[in-house]
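Q: Please find one structure pasted underneath; my questions will follow.
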Amino acid sequence: MKRFAIGAAGVALSLAAYAATPVRAHDYAVGPLKIDHPWARATPPSAKVGGGYLAIENTGPEPDRLVGGSTEAAARVEIHESSLADGIMRMREKTDGVVVPPGQTVEFKPSGLHLMLIDLRAPLKQGDKVKATLVFERAGAVAVELQVQGVGAPQPAATGHVGH
Amino acid sequence: MPVLKWIRYGAWAGVVLFAFVGAAILLGWWQVDGPGRSPAGRAAVQGVPAIGGPFTLVDHTGRTVTDADYRGKPMAVFFGFTHCPEVCPTTLVQMANLTGKIGAAADRLQILLITVDPERDTPEQLALYLQSFDPRVIGLTGSREQVDAALAAYKAYAKKIPTESGYTMDHSASVYLMQADGSFRTMIDYHEEEASALEKVRMVLR
């Protein structure tokens, strides 16, 4: 019995430690879709837009489509894609959303697909967790939290000390 | 007698024509190959592209500035805008990393962010935006015409693209490294390896 109590305390402690880890990979699921580590970049004061990133894996047999989303942090969320060609960065809105084919993972990352948070209500600060909802054509809506990394952070979590 | 007179007129006309053609050739040589050629022309002869040149813009403190204000300092010039979620903050952070690695020697480097979106990027907007970055970075804006002239001088590209909720800007994503005399030296590409970017910044500081 005593041993059990110590074991339970150990489990509770490790769970608490896990929960308290400031930046950890976190993921969500909706239907057959797995959403891995949604994150955003901190924004400078006066910035009106921010970028949100994540990976969506489709474990089901049917394609699905991310059609939009919303967040408490900004007036609207659009899906954009950046591309670099001939030294010129172009950004286009994906008005038809983004298809996630069965068995595949679509990554939203800097210089590629991203959620465009438009008309931020306040600058995104490193360490913030931003509540957002993603809407899929088949799987429906899913609530996620975007973890805010440093300004100009190149990728989720990891290197962390880029920025200030 | 009238015949001789016409011959004399003709001869004088020939002299004038000859002198004019000679003067034109001399003038042409002077401007293209001779001492009177422009710096841009010299650069072209030496194979260095004529990138950069005069601009008049307004800095993020509201002061009107020209390229000559930064003469004597090597410059890292790039084009961006504050409604830019990716390239602009990334480039600013990368430049801070590079200058940080080089240390005190990089204090001479003048980093200039020229907005391609002067309609939204007022001096105040730029000043707020730049608070997140290296305090040595100067943000430049101006009238549409002033910004277009700077873009043309640097042979840079920018285009307004309408979106559902407003517009965004396509723009050149490279950093121009300019020498202390204002002449073009080289460029750092977006996504360039850090080691090579570092070497380029060191080169322009030498």
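Chains: A, B, ... in order of the structure tokens. Residues: from 1 per chain. Ligands: from 1, in order shown.
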Please list as a PyMOL selection string every residue within 9 Å of Ile51 (chain B), counting only C-alpha atoms and excluding residues in the same chain fewer than 4 positions away.
A: chain B and resi 40+152-155+176+183-185
Q: For chain A against chain B, with a cut-off of 9 Å and counting only C-alpha atoms, what is the closest atom pair and its distance in Å to one decimal for every residue that makes the cut, ordered by chain and number, as JSON lines?
A:
```
{"residue": "A:Arg41", "atom": "CA", "partner": "B:Pro85", "partner_atom": "CA", "distance": 8.3}
{"residue": "A:Thr43", "atom": "CA", "partner": "B:Pro85", "partner_atom": "CA", "distance": 8.1}
{"residue": "A:Pro44", "atom": "CA", "partner": "B:Tyr129", "partner_atom": "CA", "distance": 5.2}
{"residue": "A:Pro45", "atom": "CA", "partner": "B:Tyr129", "partner_atom": "CA", "distance": 5.3}
{"residue": "A:Ser46", "atom": "CA", "partner": "B:Tyr129", "partner_atom": "CA", "distance": 5.5}
{"residue": "A:Ala47", "atom": "CA", "partner": "B:Thr82", "partner_atom": "CA", "distance": 6.0}
{"residue": "A:Lys48", "atom": "CA", "partner": "B:His83", "partner_atom": "CA", "distance": 6.0}
{"residue": "A:Val49", "atom": "CA", "partner": "B:His83", "partner_atom": "CA", "distance": 5.8}
{"residue": "A:Gly50", "atom": "CA", "partner": "B:Pro85", "partner_atom": "CA", "distance": 5.1}
{"residue": "A:Gly51", "atom": "CA", "partner": "B:Pro85", "partner_atom": "CA", "distance": 5.4}
{"residue": "A:Arg76", "atom": "CA", "partner": "B:Ser165", "partner_atom": "CA", "distance": 8.7}
{"residue": "A:Glu78", "atom": "CA", "partner": "B:Glu164", "partner_atom": "CA", "distance": 8.8}
{"residue": "A:Ser82", "atom": "CA", "partner": "B:Glu86", "partner_atom": "CA", "distance": 8.6}
{"residue": "A:Leu84", "atom": "CA", "partner": "B:Ala173", "partner_atom": "CA", "distance": 8.1}
{"residue": "A:Asp86", "atom": "CA", "partner": "B:Ser172", "partner_atom": "CA", "distance": 8.4}
{"residue": "A:Gly87", "atom": "CA", "partner": "B:Ala173", "partner_atom": "CA", "distance": 5.6}
{"residue": "A:Ile88", "atom": "CA", "partner": "B:Ser172", "partner_atom": "CA", "distance": 4.2}
{"residue": "A:Met89", "atom": "CA", "partner": "B:His171", "partner_atom": "CA", "distance": 5.6}
{"residue": "A:Arg90", "atom": "CA", "partner": "B:Asp170", "partner_atom": "CA", "distance": 4.6}
{"residue": "A:Met91", "atom": "CA", "partner": "B:Asp170", "partner_atom": "CA", "distance": 6.5}
{"residue": "A:Arg92", "atom": "CA", "partner": "B:Thr163", "partner_atom": "CA", "distance": 7.9}
{"residue": "A:Glu93", "atom": "CA", "partner": "B:Thr163", "partner_atom": "CA", "distance": 6.8}
{"residue": "A:Thr95", "atom": "CA", "partner": "B:Glu164", "partner_atom": "CA", "distance": 8.7}
{"residue": "A:Pro110", "atom": "CA", "partner": "B:Glu86", "partner_atom": "CA", "distance": 6.5}
{"residue": "A:Ser111", "atom": "CA", "partner": "B:Glu86", "partner_atom": "CA", "distance": 6.8}
{"residue": "A:Met116", "atom": "CA", "partner": "B:Pro85", "partner_atom": "CA", "distance": 7.8}
{"residue": "A:Leu117", "atom": "CA", "partner": "B:Pro85", "partner_atom": "CA", "distance": 8.9}
{"residue": "A:Ile118", "atom": "CA", "partner": "B:Ser165", "partner_atom": "CA", "distance": 8.3}
{"residue": "A:Val151", "atom": "CA", "partner": "B:Pro89", "partner_atom": "CA", "distance": 6.6}
{"residue": "A:Gly152", "atom": "CA", "partner": "B:Thr90", "partner_atom": "CA", "distance": 4.4}
{"residue": "A:Ala153", "atom": "CA", "partner": "B:Thr90", "partner_atom": "CA", "distance": 7.4}
{"residue": "A:Pro154", "atom": "CA", "partner": "B:Thr90", "partner_atom": "CA", "distance": 7.6}
{"residue": "A:Val162", "atom": "CA", "partner": "B:Val93", "partner_atom": "CA", "distance": 7.4}
{"residue": "A:Gly163", "atom": "CA", "partner": "B:Val93", "partner_atom": "CA", "distance": 6.3}
{"residue": "A:His164", "atom": "CA", "partner": "B:Ser132", "partner_atom": "CA", "distance": 7.7}
```
Q: Output N, CA and C atoms of each residue in that selection to a file, as a short mmCIF file (atom, residue, chain, number, x, y, z; two decimals), in the first residue's frame.
A:
```
data_model
loop_
_atom_site.label_atom_id
_atom_site.label_comp_id
_atom_site.auth_asym_id
_atom_site.auth_seq_id
_atom_site.Cartn_x
_atom_site.Cartn_y
_atom_site.Cartn_z
N ARG A 41 4.98 32.84 -34.23
CA ARG A 41 6.14 33.67 -33.93
C ARG A 41 5.69 34.90 -33.14
N THR A 43 5.56 38.70 -32.26
CA THR A 43 5.54 39.81 -33.22
C THR A 43 6.05 41.09 -32.58
N PRO A 44 6.71 41.93 -33.37
CA PRO A 44 7.15 43.22 -32.84
C PRO A 44 5.94 44.08 -32.48
N PRO A 45 6.13 45.05 -31.58
CA PRO A 45 5.02 45.97 -31.32
C PRO A 45 4.64 46.63 -32.64
N SER A 46 3.41 46.93 -32.83
CA SER A 46 2.92 47.60 -34.05
C SER A 46 2.71 46.64 -35.21
N ALA A 47 3.21 45.41 -35.10
CA ALA A 47 2.94 44.46 -36.20
C ALA A 47 1.46 44.12 -36.20
N LYS A 48 0.86 44.10 -37.36
CA LYS A 48 -0.57 43.82 -37.46
C LYS A 48 -0.84 42.37 -37.82
N VAL A 49 0.20 41.66 -38.23
CA VAL A 49 0.02 40.28 -38.66
C VAL A 49 1.04 39.38 -37.99
N GLY A 50 0.69 38.10 -37.89
CA GLY A 50 1.61 37.11 -37.35
C GLY A 50 1.44 35.81 -38.10
N GLY A 51 2.46 34.97 -38.03
CA GLY A 51 2.40 33.69 -38.72
C GLY A 51 2.19 32.55 -37.74
N ARG A 76 -8.92 38.01 -37.88
CA ARG A 76 -9.19 36.92 -38.81
C ARG A 76 -7.97 36.05 -39.03
N GLU A 78 -6.28 33.68 -42.08
CA GLU A 78 -6.30 33.23 -43.47
C GLU A 78 -5.20 32.19 -43.64
N SER A 82 3.86 31.21 -48.68
CA SER A 82 4.99 32.02 -49.15
C SER A 82 5.83 31.16 -50.09
N LEU A 84 9.68 31.51 -52.37
CA LEU A 84 10.83 32.32 -52.74
C LEU A 84 11.30 31.87 -54.11
N ASP A 86 13.70 33.52 -57.51
CA ASP A 86 14.48 34.62 -58.08
C ASP A 86 14.72 35.74 -57.07
N GLY A 87 14.92 35.37 -55.83
CA GLY A 87 15.22 36.36 -54.81
C GLY A 87 14.00 37.17 -54.36
N ILE A 88 12.84 36.80 -54.86
CA ILE A 88 11.63 37.55 -54.50
C ILE A 88 10.70 36.67 -53.67
N MET A 89 10.28 37.19 -52.53
CA MET A 89 9.34 36.46 -51.68
C MET A 89 7.94 36.87 -52.06
N ARG A 90 7.15 35.87 -52.39
CA ARG A 90 5.75 36.12 -52.73
C ARG A 90 4.87 35.42 -51.72
N MET A 91 3.72 36.03 -51.45
CA MET A 91 2.79 35.41 -50.51
C MET A 91 1.40 35.42 -51.15
N ARG A 92 0.75 34.27 -51.12
CA ARG A 92 -0.58 34.17 -51.73
C ARG A 92 -1.55 33.54 -50.74
N GLU A 93 -2.76 34.04 -50.78
CA GLU A 93 -3.80 33.43 -49.97
C GLU A 93 -4.27 32.15 -50.65
N THR A 95 -7.18 30.47 -51.10
CA THR A 95 -8.61 30.70 -50.90
C THR A 95 -9.40 29.40 -50.88
N PRO A 110 7.70 28.28 -41.63
CA PRO A 110 8.18 29.54 -42.20
C PRO A 110 8.67 29.36 -43.64
N SER A 111 8.37 30.34 -44.48
CA SER A 111 8.71 30.33 -45.91
C SER A 111 7.84 29.37 -46.71
N MET A 116 -2.19 32.92 -41.41
CA MET A 116 -1.90 34.34 -41.33
C MET A 116 -2.89 34.94 -40.34
N LEU A 117 -2.36 35.38 -39.20
CA LEU A 117 -3.20 36.01 -38.18
C LEU A 117 -3.24 37.50 -38.52
N ILE A 118 -4.41 37.97 -38.88
CA ILE A 118 -4.52 39.33 -39.42
C ILE A 118 -5.24 40.25 -38.44
N VAL A 151 10.62 36.06 -31.78
CA VAL A 151 10.51 36.80 -33.04
C VAL A 151 11.50 36.19 -34.02
N GLY A 152 11.02 35.85 -35.19
CA GLY A 152 11.93 35.33 -36.20
C GLY A 152 12.41 33.92 -35.93
N ALA A 153 11.78 33.22 -34.98
CA ALA A 153 12.19 31.84 -34.70
C ALA A 153 12.05 31.01 -35.97
N PRO A 154 13.07 30.21 -36.27
CA PRO A 154 13.05 29.49 -37.54
C PRO A 154 12.16 28.25 -37.52
N VAL A 162 16.84 32.12 -30.55
CA VAL A 162 16.80 33.10 -31.62
C VAL A 162 15.79 34.15 -31.17
N GLY A 163 16.09 35.39 -31.41
CA GLY A 163 15.17 36.42 -30.94
C GLY A 163 15.65 36.93 -29.59
N HIS A 164 14.76 37.54 -28.85
CA HIS A 164 15.23 38.23 -27.66
C HIS A 164 14.48 37.81 -26.42
#
```
Q: Excluding Val98 (chain A) and its own-chain neighbours fewer than 6 positions away, which residues fall within 7 Å of it when counting only C-alpha atoms? Please give them as a list in words.
A: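 The neighbour list is Arg65, Leu66 and Val67 of chain A.
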Q: As an MDAnalysis selection string, list the residues of region 33-164 of chain A assigned to strand (DSSP E) by DSSP on the backbone atoms of this structure.
A: chainID A and resid 33:41 49:58 64:71 74:85 88:93 98:100 105:108 113:120 129:136 140:149
Q: For Lys73 (chain B), list every protein, DNA or RNA residue within 10 Å, evaluated using only C-alpha atoms, and leave out those in the same chain fewer than 2 positions away; present the list as a ChimeraX atom specification.
A: /B:69-71,75-76,107-111,178-182,204-205
Q: Residues of the last selection are to be written out with N, CA and C atoms, as an mmCIF file, in the first residue's frame.
A:
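Now in result-v6.cif:
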```cif
data_model
loop_
_atom_site.group_PDB
_atom_site.id
_atom_site.type_symbol
_atom_site.label_atom_id
_atom_site.label_comp_id
_atom_site.auth_asym_id
_atom_site.auth_seq_id
_atom_site.Cartn_x
_atom_site.Cartn_y
_atom_site.Cartn_z
ATOM 1 N N ASP B 69 24.017 60.552 -46.230
ATOM 2 C CA ASP B 69 24.108 60.589 -44.765
ATOM 3 C C ASP B 69 24.806 59.358 -44.204
ATOM 4 N N TYR B 70 24.836 58.268 -44.966
ATOM 5 C CA TYR B 70 25.431 57.029 -44.476
ATOM 6 C C TYR B 70 26.786 56.749 -45.120
ATOM 7 N N ARG B 71 27.266 57.693 -45.923
ATOM 8 C CA ARG B 71 28.553 57.519 -46.582
ATOM 9 C C ARG B 71 29.638 57.399 -45.516
ATOM 10 N N MET B 75 27.004 49.490 -45.707
ATOM 11 C CA MET B 75 25.570 49.387 -45.426
ATOM 12 C C MET B 75 25.050 47.989 -45.783
ATOM 13 N N ALA B 76 24.104 47.525 -44.984
ATOM 14 C CA ALA B 76 23.319 46.335 -45.335
ATOM 15 C C ALA B 76 21.900 46.840 -45.560
ATOM 16 N N ASP B 107 30.035 47.241 -35.633
ATOM 17 C CA ASP B 107 29.373 48.487 -35.250
ATOM 18 C C ASP B 107 29.354 49.493 -36.402
ATOM 19 N N ARG B 108 30.314 49.353 -37.315
ATOM 20 C CA ARG B 108 30.365 50.282 -38.459
ATOM 21 C C ARG B 108 29.253 50.016 -39.460
ATOM 22 N N LEU B 109 28.720 48.808 -39.411
ATOM 23 C CA LEU B 109 27.729 48.438 -40.427
ATOM 24 C C LEU B 109 26.401 49.151 -40.166
ATOM 25 N N GLN B 110 25.919 49.851 -41.174
ATOM 26 C CA GLN B 110 24.623 50.514 -41.055
ATOM 27 C C GLN B 110 23.556 49.624 -41.696
ATOM 28 N N ILE B 111 22.656 49.107 -40.871
ATOM 29 C CA ILE B 111 21.585 48.256 -41.406
ATOM 30 C C ILE B 111 20.373 49.137 -41.703
ATOM 31 N N MET B 178 26.645 47.090 -49.236
ATOM 32 C CA MET B 178 27.224 48.229 -49.942
ATOM 33 C C MET B 178 28.502 48.657 -49.223
ATOM 34 N N GLN B 179 29.477 49.094 -49.991
ATOM 35 C CA GLN B 179 30.739 49.534 -49.391
ATOM 36 C C GLN B 179 30.607 50.947 -48.821
ATOM 37 N N ALA B 180 31.626 51.335 -48.057
ATOM 38 C CA ALA B 180 31.568 52.627 -47.363
ATOM 39 C C ALA B 180 31.416 53.803 -48.323
ATOM 40 N N ASP B 181 31.867 53.635 -49.583
ATOM 41 C CA ASP B 181 31.726 54.730 -50.553
ATOM 42 C C ASP B 181 30.363 54.698 -51.251
ATOM 43 N N GLY B 182 29.503 53.790 -50.820
ATOM 44 C CA GLY B 182 28.156 53.734 -51.385
ATOM 45 C C GLY B 182 28.029 52.786 -52.559
ATOM 46 N N VAL B 204 32.713 43.256 -46.476
ATOM 47 C CA VAL B 204 32.303 44.643 -46.694
ATOM 48 C C VAL B 204 32.779 45.551 -45.559
ATOM 49 N N LEU B 205 33.138 44.944 -44.435
ATOM 50 C CA LEU B 205 33.627 45.730 -43.295
ATOM 51 C C LEU B 205 35.130 45.995 -43.402
#
```
